[in-house]
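Asker: Input model-v4.cif, format and content: mmCIF, C-alpha atoms (C1' of nucleotides).
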data_protein
loop_
_atom_site.label_atom_id
_atom_site.label_comp_id
_atom_site.auth_asym_id
_atom_site.auth_seq_id
_atom_site.Cartn_x
_atom_site.Cartn_y
_atom_site.Cartn_z
CA MET A 132 -217.77 96.22 -140.40
CA LYS A 133 -219.06 99.46 -139.07
CA ILE A 134 -220.30 100.78 -135.77
CA THR A 135 -224.09 100.87 -135.88
CA SER A 136 -225.77 104.02 -137.13
CA ARG A 137 -227.70 104.09 -133.87
CA PHE A 138 -224.82 106.23 -132.65
CA THR A 139 -224.96 108.96 -135.29
CA VAL A 140 -228.75 108.80 -135.23
CA ALA A 141 -228.63 109.41 -131.47
CA VAL A 142 -226.30 112.38 -131.85
CA HIS A 143 -228.51 113.83 -134.55
CA THR A 144 -231.55 113.25 -132.34
CA LEU A 145 -229.99 115.03 -129.37
CA LEU A 146 -228.87 117.97 -131.48
CA ALA A 147 -232.42 118.30 -132.74
CA ILE A 148 -233.88 118.17 -129.23
CA TYR A 149 -231.38 120.60 -127.73
CA VAL A 150 -231.34 123.09 -130.59
CA LEU A 151 -234.87 122.95 -131.97
CA GLY A 152 -236.65 121.88 -128.80
CA LYS A 153 -237.39 125.46 -127.78
CA ASP A 154 -239.39 126.13 -130.92
CA TYR A 155 -240.98 122.81 -131.75
CA LYS A 156 -242.52 119.84 -129.99
CA MET A 157 -239.94 117.15 -130.58
CA THR A 158 -242.02 114.13 -131.47
CA SER A 159 -240.57 110.95 -132.89
CA ASP A 160 -242.19 111.82 -136.20
CA PHE A 161 -240.59 115.25 -136.27
CA ILE A 162 -237.14 113.92 -135.47
CA ALA A 163 -237.58 111.01 -137.87
CA SER A 164 -238.18 113.42 -140.72
CA SER A 165 -234.96 115.27 -139.91
CA VAL A 166 -232.87 112.11 -139.62
CA ASN A 167 -234.81 110.46 -142.42
CA VAL A 168 -235.47 107.12 -140.79
CA ASN A 169 -238.54 105.32 -139.54
CA PRO A 170 -240.16 106.93 -136.46
CA VAL A 171 -239.87 103.64 -134.57
CA VAL A 172 -236.11 103.83 -134.94
CA ILE A 173 -236.24 107.23 -133.26
CA ARG A 174 -238.50 105.95 -130.51
CA ARG A 175 -236.00 103.23 -129.79
CA THR A 176 -233.24 105.82 -129.73
CA LEU A 177 -235.23 108.07 -127.42
CA SER A 178 -235.87 105.12 -125.17
CA SER A 179 -232.13 104.46 -124.81
CA LEU A 180 -231.31 108.11 -124.24
CA LYS A 181 -234.03 108.35 -121.62
CA ALA A 182 -232.77 105.23 -119.87
CA ALA A 183 -229.35 106.87 -119.77
CA GLY A 184 -230.82 109.91 -118.04
CA ILE A 185 -229.96 112.27 -120.87
CA ILE A 186 -233.46 113.27 -121.89
CA ASP A 187 -237.05 112.87 -120.82
CA VAL A 188 -239.88 111.73 -123.05
CA LYS A 189 -243.53 112.40 -122.41
CA ALA A 190 -245.66 109.41 -123.17
CA GLY A 191 -249.15 110.27 -124.34
CA SER A 192 -248.92 113.96 -124.97
CA GLY A 193 -245.62 113.53 -126.72
CA GLY A 194 -242.32 115.27 -127.03
CA ALA A 195 -238.73 114.78 -125.92
CA MET A 196 -236.87 117.33 -123.85
CA PRO A 197 -233.41 117.82 -122.35
CA VAL A 198 -232.58 116.63 -118.86
CA LYS A 199 -228.80 116.75 -118.71
CA ASN A 200 -226.83 119.86 -119.44
CA ALA A 201 -225.30 119.78 -122.91
CA ASP A 202 -221.90 120.58 -121.40
CA ASP A 203 -222.04 117.32 -119.51
CA ILE A 204 -223.02 115.03 -122.37
CA THR A 205 -220.03 113.55 -124.19
CA LEU A 206 -220.11 111.60 -127.43
CA TYR A 207 -218.88 108.65 -125.40
CA GLU A 208 -221.93 108.81 -123.17
CA ILE A 209 -224.18 108.74 -126.22
CA TYR A 210 -222.16 105.90 -127.70
CA THR A 211 -222.62 103.80 -124.58
CA ALA A 212 -226.26 104.79 -124.21
CA VAL A 213 -227.14 103.18 -127.52
CA ASP A 214 -224.96 100.09 -126.97
CA CYS A 215 -222.66 100.52 -129.92
CA VAL A 216 -220.09 98.10 -128.56
CA GLU A 217 -220.31 95.69 -125.67
CA GLY A 218 -217.02 94.82 -124.07
CA SER A 219 -214.14 94.58 -126.48
CA LEU A 220 -214.41 96.27 -129.84
CA PHE A 221 -212.27 93.50 -131.30
CA ASN A 222 -213.63 90.05 -131.87
CA PHE A 223 -211.39 87.23 -130.79
CA HIS A 224 -211.38 83.67 -132.09
CA GLU A 225 -212.72 81.32 -129.42
CA ASN A 226 -210.55 78.69 -127.81
CA PRO A 227 -207.09 79.12 -129.29
CA ASN A 228 -205.15 75.88 -128.78
CA PRO A 229 -203.53 75.87 -125.31
CA LYS A 230 -201.10 73.15 -126.45
CA CYS A 231 -199.50 75.58 -128.92
CA PRO A 232 -197.10 78.16 -127.49
CA VAL A 233 -198.72 80.81 -129.64
CA GLY A 234 -202.28 79.73 -128.93
CA LYS A 235 -201.60 79.56 -125.21
CA ASN A 236 -200.25 83.11 -125.04
CA ILE A 237 -202.07 85.00 -127.74
CA HIS A 238 -204.35 86.74 -125.29
CA ALA A 239 -201.50 87.68 -122.97
CA VAL A 240 -199.66 89.22 -125.89
CA LEU A 241 -202.48 90.94 -127.71
CA ASP A 242 -205.22 91.94 -125.27
CA SER A 243 -203.57 95.00 -123.76
CA HIS A 244 -202.74 96.49 -127.16
CA LEU A 245 -206.30 96.04 -128.36
CA ALA A 246 -207.61 97.56 -125.16
CA ASP A 247 -205.26 100.52 -125.63
CA ALA A 248 -206.51 101.10 -129.15
CA GLN A 249 -210.12 100.93 -128.05
CA ALA A 250 -209.40 103.29 -125.16
CA ALA A 251 -207.82 105.77 -127.56
CA LEU A 252 -210.99 105.78 -129.62
CA GLU A 253 -213.22 106.15 -126.60
CA ASN A 254 -211.12 108.89 -125.04
CA LYS A 255 -211.55 110.93 -128.19
CA LEU A 256 -215.29 110.46 -127.90
CA LYS A 257 -215.08 111.55 -124.27
CA SER A 258 -213.37 114.77 -125.30
CA VAL A 259 -216.30 116.09 -127.34
CA THR A 260 -219.52 117.31 -125.76
CA LEU A 261 -222.94 117.93 -127.19
CA SER A 262 -222.36 121.55 -126.29
CA ASP A 263 -219.33 121.62 -128.61
CA LEU A 264 -221.45 120.33 -131.45
CA MET A 265 -224.18 122.86 -130.70
CA LYS A 266 -221.69 125.70 -130.91
CA GLN A 267 -220.46 124.47 -134.26
CA LEU A 268 -224.02 124.04 -135.46
CA ASN A 269 -225.12 127.50 -134.38
CA ILE A 270 -222.42 129.04 -136.53
CA LEU A 271 -223.74 127.17 -139.56
CA ILE A 272 -227.42 127.82 -139.07
CA MET B 104 -220.90 95.17 -133.00
CA LYS B 105 -217.37 93.93 -133.10
CA ILE B 106 -214.48 94.15 -135.51
CA THR B 107 -214.20 90.83 -137.33
CA SER B 108 -212.03 88.12 -135.82
CA ARG B 109 -210.16 87.99 -139.12
CA PHE B 110 -207.89 90.57 -137.50
CA THR B 111 -206.93 88.62 -134.39
CA VAL B 112 -206.76 85.44 -136.45
CA ALA B 113 -204.32 87.16 -138.79
CA VAL B 114 -202.14 88.35 -135.92
CA HIS B 115 -202.15 84.85 -134.45
CA THR B 116 -201.29 83.43 -137.85
CA LEU B 117 -198.35 85.77 -138.31
CA LEU B 118 -197.00 85.10 -134.85
CA ALA B 119 -197.14 81.39 -135.61
CA ILE B 120 -195.34 81.83 -138.92
CA TYR B 121 -192.65 84.16 -137.58
CA VAL B 122 -192.04 82.29 -134.32
CA LEU B 123 -192.63 78.66 -135.21
CA GLY B 124 -191.77 78.85 -138.91
CA LYS B 125 -188.15 77.91 -138.31
CA ASP B 126 -189.09 74.59 -136.78
CA TYR B 127 -192.24 73.57 -138.59
CA LYS B 128 -193.74 73.70 -142.05
CA MET B 129 -196.52 76.24 -141.58
CA THR B 130 -199.41 74.69 -143.46
CA SER B 131 -202.95 75.95 -143.22
CA ASP B 132 -203.81 72.80 -141.26
CA PHE B 133 -201.03 73.40 -138.76
CA ILE B 134 -201.99 77.04 -138.19
CA ALA B 135 -205.68 76.16 -138.09
CA SER B 136 -205.07 73.78 -135.21
CA SER B 137 -203.29 76.51 -133.24
CA VAL B 138 -205.96 79.12 -133.89
CA ASN B 139 -208.71 76.52 -133.67
CA VAL B 140 -210.65 77.43 -136.77
CA ASN B 141 -211.32 75.77 -140.10
CA PRO B 142 -208.23 75.51 -142.35
CA VAL B 143 -210.06 77.34 -145.13
CA VAL B 144 -210.37 80.35 -142.84
CA ILE B 145 -206.59 80.30 -142.49
CA ARG B 146 -206.09 79.93 -146.24
CA ARG B 147 -208.18 83.02 -146.78
CA THR B 148 -206.18 84.84 -144.13
CA LEU B 149 -202.91 83.74 -145.73
CA SER B 150 -204.22 84.90 -149.06
CA SER B 151 -204.85 88.41 -147.70
CA LEU B 152 -201.50 88.58 -145.95
CA LYS B 153 -199.75 87.44 -149.11
CA ALA B 154 -201.59 90.02 -151.20
CA ALA B 155 -200.36 92.64 -148.72
CA GLY B 156 -196.78 91.52 -149.27
CA ILE B 157 -196.29 90.40 -145.68
CA ILE B 158 -195.74 86.69 -146.28
CA ASP B 159 -195.29 84.22 -149.09
CA VAL B 160 -197.23 81.00 -149.49
CA LYS B 161 -196.09 78.01 -151.51
CA ALA B 162 -198.90 76.49 -153.51
CA GLY B 163 -198.58 72.77 -154.03
CA SER B 164 -195.76 71.86 -151.72
CA GLY B 165 -197.26 73.97 -148.98
CA GLY B 166 -196.11 76.27 -146.23
CA ALA B 167 -196.20 79.97 -145.39
CA MET B 168 -193.08 81.99 -144.70
CA PRO B 169 -192.11 85.54 -143.76
CA VAL B 170 -191.37 88.16 -146.41
CA LYS B 171 -191.44 91.44 -144.51
CA ASN B 172 -189.30 92.11 -141.49
CA ALA B 173 -191.27 91.79 -138.26
CA ASP B 174 -190.03 95.24 -137.20
CA ASP B 175 -191.82 96.73 -140.17
CA ILE B 176 -195.18 95.04 -139.71
CA THR B 177 -197.60 97.06 -137.60
CA LEU B 178 -200.93 95.89 -136.25
CA TYR B 179 -202.46 98.55 -138.46
CA GLU B 180 -200.96 96.95 -141.54
CA ILE B 181 -202.46 93.61 -140.57
CA TYR B 182 -205.78 95.26 -139.82
CA THR B 183 -205.92 96.80 -143.27
CA ALA B 184 -204.65 93.64 -144.95
CA VAL B 185 -207.69 91.69 -143.80
CA ASP B 186 -210.18 94.48 -144.53
CA CYS B 187 -211.48 94.99 -141.02
CA VAL B 188 -212.99 98.35 -141.82
CA GLU B 189 -213.54 100.08 -145.12
CA GLY B 190 -213.68 103.83 -144.97
CA SER B 191 -215.32 105.21 -141.88
CA LEU B 192 -215.59 103.01 -138.81
CA PHE B 193 -218.85 104.78 -137.99
CA ASN B 194 -222.00 104.10 -139.89
CA PHE B 195 -223.99 107.16 -140.83
CA HIS B 196 -227.69 107.35 -141.59
CA GLU B 197 -228.24 108.00 -145.27
CA ASN B 198 -229.80 111.20 -146.53
CA PRO B 199 -230.44 113.35 -143.47
CA ASN B 200 -233.07 115.94 -144.34
CA PRO B 201 -231.42 118.97 -146.00
CA LYS B 202 -234.48 121.08 -145.20
CA CYS B 203 -233.80 120.72 -141.48
CA PRO B 204 -231.02 122.91 -140.03
CA VAL B 205 -229.76 119.92 -138.09
CA GLY B 206 -230.05 117.44 -140.96
CA LYS B 207 -228.35 119.85 -143.33
CA ASN B 208 -225.33 120.32 -141.07
CA ILE B 209 -224.97 117.05 -139.21
CA HIS B 210 -222.06 115.89 -141.34
CA ALA B 211 -220.27 119.21 -141.07
CA VAL B 212 -220.58 119.06 -137.30
CA LEU B 213 -219.84 115.42 -136.66
CA ASP B 214 -217.57 114.00 -139.35
CA SER B 215 -214.28 115.45 -138.14
CA HIS B 216 -214.81 114.21 -134.59
CA LEU B 217 -215.57 110.71 -135.78
CA ALA B 218 -212.54 110.78 -138.04
CA ASP B 219 -210.41 111.91 -135.09
CA ALA B 220 -211.63 109.03 -132.95
CA GLN B 221 -210.99 106.51 -135.69
CA ALA B 222 -207.53 107.96 -136.27
CA ALA B 223 -206.75 107.64 -132.58
CA LEU B 224 -207.60 103.94 -132.73
CA GLU B 225 -205.59 103.38 -135.86
CA ASN B 226 -202.58 105.31 -134.59
CA LYS B 227 -202.44 103.01 -131.59
CA LEU B 228 -202.45 100.05 -133.97
CA LYS B 229 -199.66 101.69 -135.93
CA SER B 230 -197.56 101.96 -132.79
CA VAL B 231 -197.31 98.22 -132.22
CA THR B 232 -195.22 95.93 -134.42
CA LEU B 233 -195.21 92.19 -134.88
CA SER B 234 -191.71 92.33 -133.50
CA ASP B 235 -193.05 93.82 -130.25
CA LEU B 236 -195.48 90.95 -129.92
CA MET B 237 -192.75 88.41 -130.65
CA LYS B 238 -190.62 89.82 -127.87
CA GLN B 239 -193.49 89.56 -125.42
CA LEU B 240 -194.24 86.05 -126.61
CA ASN B 241 -190.66 84.85 -126.29
CA ILE B 242 -190.64 85.82 -122.64
CA LEU B 243 -193.72 83.68 -122.04
CA ILE B 244 -192.66 80.61 -123.97
"C1'" DA C 56 -198.06 58.62 -160.75
"C1'" DT C 57 -198.70 59.65 -155.96
"C1'" DT C 58 -199.14 62.58 -152.13
"C1'" DG C 59 -199.99 66.57 -149.64
"C1'" DT C 60 -201.09 71.05 -150.12
"C1'" DT C 61 -203.00 75.56 -151.81
"C1'" DG C 62 -206.61 78.45 -153.99
"C1'" DT C 63 -211.17 79.25 -154.47
"C1'" DA C 64 -216.07 78.61 -155.42
"C1'" DA C 65 -220.38 77.36 -153.47
"C1'" DT C 66 -223.39 76.55 -149.80
"C1'" DT C 67 -225.13 76.82 -145.25
"C1'" DA C 68 -226.12 78.84 -140.87
"C1'" DA C 69 -226.13 82.29 -137.48
"C1'" DA C 70 -226.13 86.96 -135.83
"C1'" DA C 71 -226.98 91.83 -136.15
"C1'" DG C 72 -229.20 95.70 -137.93
"C1'" DG C 73 -232.73 98.36 -139.63
"C1'" DG C 74 -237.51 99.00 -141.67
"C1'" DT C 75 -242.11 98.36 -140.99
"C1'" DT C 76 -246.74 97.22 -139.18
"C1'" DA C 77 -249.64 96.97 -135.47
"C1'" DC C 78 -251.63 98.16 -131.32
"C1'" DA C 79 -252.16 98.91 -126.30
"C1'" DA C 80 -251.19 102.60 -122.96
"C1'" DC C 81 -251.41 107.17 -122.03
"C1'" DA C 82 -251.97 112.40 -121.64
"C1'" DA C 83 -254.24 116.44 -122.94
"C1'" DT C 84 -258.28 118.55 -124.19
"C1'" DA C 85 -262.63 119.47 -126.33
"C1'" DT D 218 -266.17 111.13 -121.39
"C1'" DA D 219 -264.85 110.60 -126.09
"C1'" DT D 220 -261.37 112.10 -129.23
"C1'" DT D 221 -256.86 112.92 -130.81
"C1'" DG D 222 -252.10 112.50 -131.11
"C1'" DT D 223 -248.34 110.30 -129.28
"C1'" DT D 224 -245.28 106.90 -126.98
"C1'" DG D 225 -243.66 102.18 -125.93
"C1'" DT D 226 -242.91 97.89 -127.57
"C1'" DA D 227 -243.65 93.44 -129.68
"C1'" DA D 228 -243.44 91.00 -133.86
"C1'" DC D 229 -241.91 90.14 -138.27
"C1'" DC D 230 -239.29 90.59 -142.47
"C1'" DC D 231 -235.28 91.47 -145.15
"C1'" DT D 232 -230.50 92.37 -145.96
"C1'" DT D 233 -225.78 92.09 -144.89
"C1'" DT D 234 -221.89 90.13 -142.78
"C1'" DT D 235 -219.34 86.54 -141.03
"C1'" DA D 236 -217.57 82.09 -140.33
"C1'" DA D 237 -217.84 76.99 -141.05
"C1'" DT D 238 -217.79 73.63 -144.21
"C1'" DT D 239 -217.59 70.72 -148.46
"C1'" DA D 240 -215.65 70.06 -152.69
"C1'" DC D 241 -212.34 69.97 -156.10
"C1'" DA D 242 -209.04 71.69 -159.60
"C1'" DA D 243 -204.22 73.27 -159.74
"C1'" DC D 244 -199.79 72.54 -158.34
"C1'" DA D 245 -195.04 71.14 -156.42
"C1'" DA D 246 -192.08 67.71 -154.77
"C1'" DT D 247 -190.75 63.14 -154.61
#
Can you turn what I pasted into structure tokens?
Answerer:
Amino acid sequence: MKITSRFTVAVHTLLAIYVLGKDYKMTSDFIASSVNVNPVVIRRTLSSLKAAGIIDVKAGSGGAMPVKNADDITLYEIYTAVDCVEGSLFNFHENPNPKCPVGKNIHAVLDSHLADAQAALENKLKSVTLSDLMKQLNILI
Amino acid sequence: MKITSRFTVAVHTLLAIYVLGKDYKMTSDFIASSVNVNPVVIRRTLSSLKAAGIIDVKAGSGGAMPVKNADDITLYEIYTAVDCVEGSLFNFHENPNPKCPVGKNIHAVLDSHLADAQAALENKLKSVTLSDLMKQLNILI
DNA sequence: ATTGTTGTAATTAAAAGGGTTACAACAATA
DNA sequence: TATTGTTGTAACCCTTTTAATTACAACAAT
């Protein structure tokens, strides 16, 4: 079990747009060759990021460009934009037996701890911005 | 994307064994009727938990019983016992283009943040023991 | 020997993810 | 206006993962 690569693909895509967008027209083909996936995968990613108000994409003439400030884009926002996880990260067995004292109370006992764990993950993702990644990247380039 | 229900099934299974095990023979059929899944699913779960040294299972005569102290069993230990996640929780696209400044450095920029987020999740799971859950459960029963 | 159970292989079915092809819609421009 | 390059999206395939289920040999206790 792993969280879909849509997430890391989306981060990669945004870094490309925000860092290379000044020098190149950021078409789905261009980005696809950097990420090394099919251009349609990138178009789907761009579509999600556009719907989230993070970027704009020009149909026809082509090219993706920043809308939101990189300081204001967290990894969490990207993660939600591409629908990595809907609702609880943890799958629960359906219909535990209400006639069993354990089955009846398993949700009451477990749910809050699972939610805490998920929140811990997501809070970490909220603490990192695209701008942070760009700074790291600019040192390496 | 969700983390496999093997995890919550395993927690449910352990609660049943540790709480109800004094009064009932904990067969895979018995546990299966509390969790409401196929008995073979429970046998596989028991097999993993036994391999992790958490419980013992009697072949032939039947019944699962505690080995480890409930104080020493964390949710994280259960989560690893049933192989929820191997390695990184986050899937990464294979072979980003090394000729692109972004593709070449995407791992250097992103990996540590993803590892931090995963660690935050797992640390939360480490902070809760089966004993904690049993205490909560005993109040509700 | 009988009974109830575990351990495990094999099969099926469903869901999710990603790759790919195809093509209409569209914008810019020659 | 015709051409070109691109986006948006549907459709389909393929693989992987997961869980349900059937089946049955191995085993322990009586």
Asker: Kindly give the distance, in Å, that separates C1' of DA242 (chain D) and CA of Val112 (chain B), rounded to a single decimal.
Answerer: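 Taking C1' of DA242 (chain D) as the start and CA of Val112 (chain B) as the end point, the length is 27.0 Å.
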Asker: Could you tell me which residues the PyMOL selection byres ((chain D) within 10 of (chain A)) returns for this structure, as JSON, numbers by chain?
Answerer: {"D": [221, 222, 223, 224, 225, 226, 234, 235]}
Asker: Within 8 Å of chain A, which residues of chain C are there when counting all atoms listed in the file? Please give them as an mmCIF file with C-alpha atoms (C1' of nucleotides), in the coordinates of the input.
Answerer:
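Saved result, iface36.cif, follows:
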data_model
loop_
_atom_site.group_PDB
_atom_site.id
_atom_site.type_symbol
_atom_site.label_atom_id
_atom_site.label_comp_id
_atom_site.auth_asym_id
_atom_site.auth_seq_id
_atom_site.Cartn_x
_atom_site.Cartn_y
_atom_site.Cartn_z
ATOM 1 C "C1'" DG C 72 -229.200 95.700 -137.930
ATOM 2 C "C1'" DG C 73 -232.730 98.360 -139.630
ATOM 3 C "C1'" DG C 74 -237.510 99.000 -141.670
ATOM 4 C "C1'" DT C 75 -242.110 98.360 -140.990
ATOM 5 C "C1'" DC C 81 -251.410 107.170 -122.030
ATOM 6 C "C1'" DA C 82 -251.970 112.400 -121.640
ATOM 7 C "C1'" DA C 83 -254.240 116.440 -122.940
#
Asker: Could you jot down the CA of Tyr210 (chain A) to CA of Ser258 (chain A) separation for me, Å, one decimal place?
Answerer: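 Computing it gives 12.7 Å between the two atoms.
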Asker: Can you list what the PyMOL selection byres ((chain B) within 7 of (chain A)) grabs from this structure, as a PDB file with C-alpha atoms, in the coordinates of the input?
Answerer:
ATOM      1  CA  MET B 104    -220.900  95.170-133.000  1.00  0.00           C
ATOM      2  CA  LYS B 105    -217.370  93.930-133.100  1.00  0.00           C
ATOM      3  CA  ILE B 106    -214.480  94.150-135.510  1.00  0.00           C
ATOM      4  CA  THR B 107    -214.200  90.830-137.330  1.00  0.00           C
ATOM      5  CA  SER B 108    -212.030  88.120-135.820  1.00  0.00           C
ATOM      6  CA  THR B 111    -206.930  88.620-134.390  1.00  0.00           C
ATOM      7  CA  VAL B 112    -206.760  85.440-136.450  1.00  0.00           C
ATOM      8  CA  HIS B 115    -202.150  84.850-134.450  1.00  0.00           C
ATOM      9  CA  LEU B 118    -197.000  85.100-134.850  1.00  0.00           C
ATOM     10  CA  ALA B 119    -197.140  81.390-135.610  1.00  0.00           C
ATOM     11  CA  SER B 136    -205.070  73.780-135.210  1.00  0.00           C
ATOM     12  CA  SER B 137    -203.290  76.510-133.240  1.00  0.00           C
ATOM     13  CA  VAL B 138    -205.960  79.120-133.890  1.00  0.00           C
ATOM     14  CA  ASN B 139    -208.710  76.520-133.670  1.00  0.00           C
ATOM     15  CA  CYS B 187    -211.480  94.990-141.020  1.00  0.00           C
ATOM     16  CA  VAL B 188    -212.990  98.350-141.820  1.00  0.00           C
ATOM     17  CA  LEU B 192    -215.590 103.010-138.810  1.00  0.00           C
ATOM     18  CA  PHE B 193    -218.850 104.780-137.990  1.00  0.00           C
ATOM     19  CA  ASN B 194    -222.000 104.100-139.890  1.00  0.00           C
ATOM     20  CA  PHE B 195    -223.990 107.160-140.830  1.00  0.00           C
ATOM     21  CA  HIS B 196    -227.690 107.350-141.590  1.00  0.00           C
ATOM     22  CA  ASN B 198    -229.800 111.200-146.530  1.00  0.00           C
ATOM     23  CA  PRO B 199    -230.440 113.350-143.470  1.00  0.00           C
ATOM     24  CA  ASN B 200    -233.070 115.940-144.340  1.00  0.00           C
ATOM     25  CA  CYS B 203    -233.800 120.720-141.480  1.00  0.00           C
ATOM     26  CA  PRO B 204    -231.020 122.910-140.030  1.00  0.00           C
ATOM     27  CA  VAL B 205    -229.760 119.920-138.090  1.00  0.00           C
ATOM     28  CA  GLY B 206    -230.050 117.440-140.960  1.00  0.00           C
ATOM     29  CA  ASN B 208    -225.330 120.320-141.070  1.00  0.00           C
ATOM     30  CA  ILE B 209    -224.970 117.050-139.210  1.00  0.00           C
ATOM     31  CA  VAL B 212    -220.580 119.060-137.300  1.00  0.00           C
ATOM     32  CA  ALA B 220    -211.630 109.030-132.950  1.00  0.00           C
ATOM     33  CA  GLN B 221    -210.990 106.510-135.690  1.00  0.00           C
ATOM     34  CA  ALA B 223    -206.750 107.640-132.580  1.00  0.00           C
ATOM     35  CA  LEU B 224    -207.600 103.940-132.730  1.00  0.00           C
ATOM     36  CA  LYS B 227    -202.440 103.010-131.590  1.00  0.00           C
ATOM     37  CA  LEU B 228    -202.450 100.050-133.970  1.00  0.00           C
ATOM     38  CA  LEU B 236    -195.480  90.950-129.920  1.00  0.00           C
ATOM     39  CA  GLN B 239    -193.490  89.560-125.420  1.00  0.00           C
ATOM     40  CA  LEU B 240    -194.240  86.050-126.610  1.00  0.00           C
ATOM     41  CA  ILE B 244    -192.660  80.610-123.970  1.00  0.00           C
TER      42      ILE B 244
END
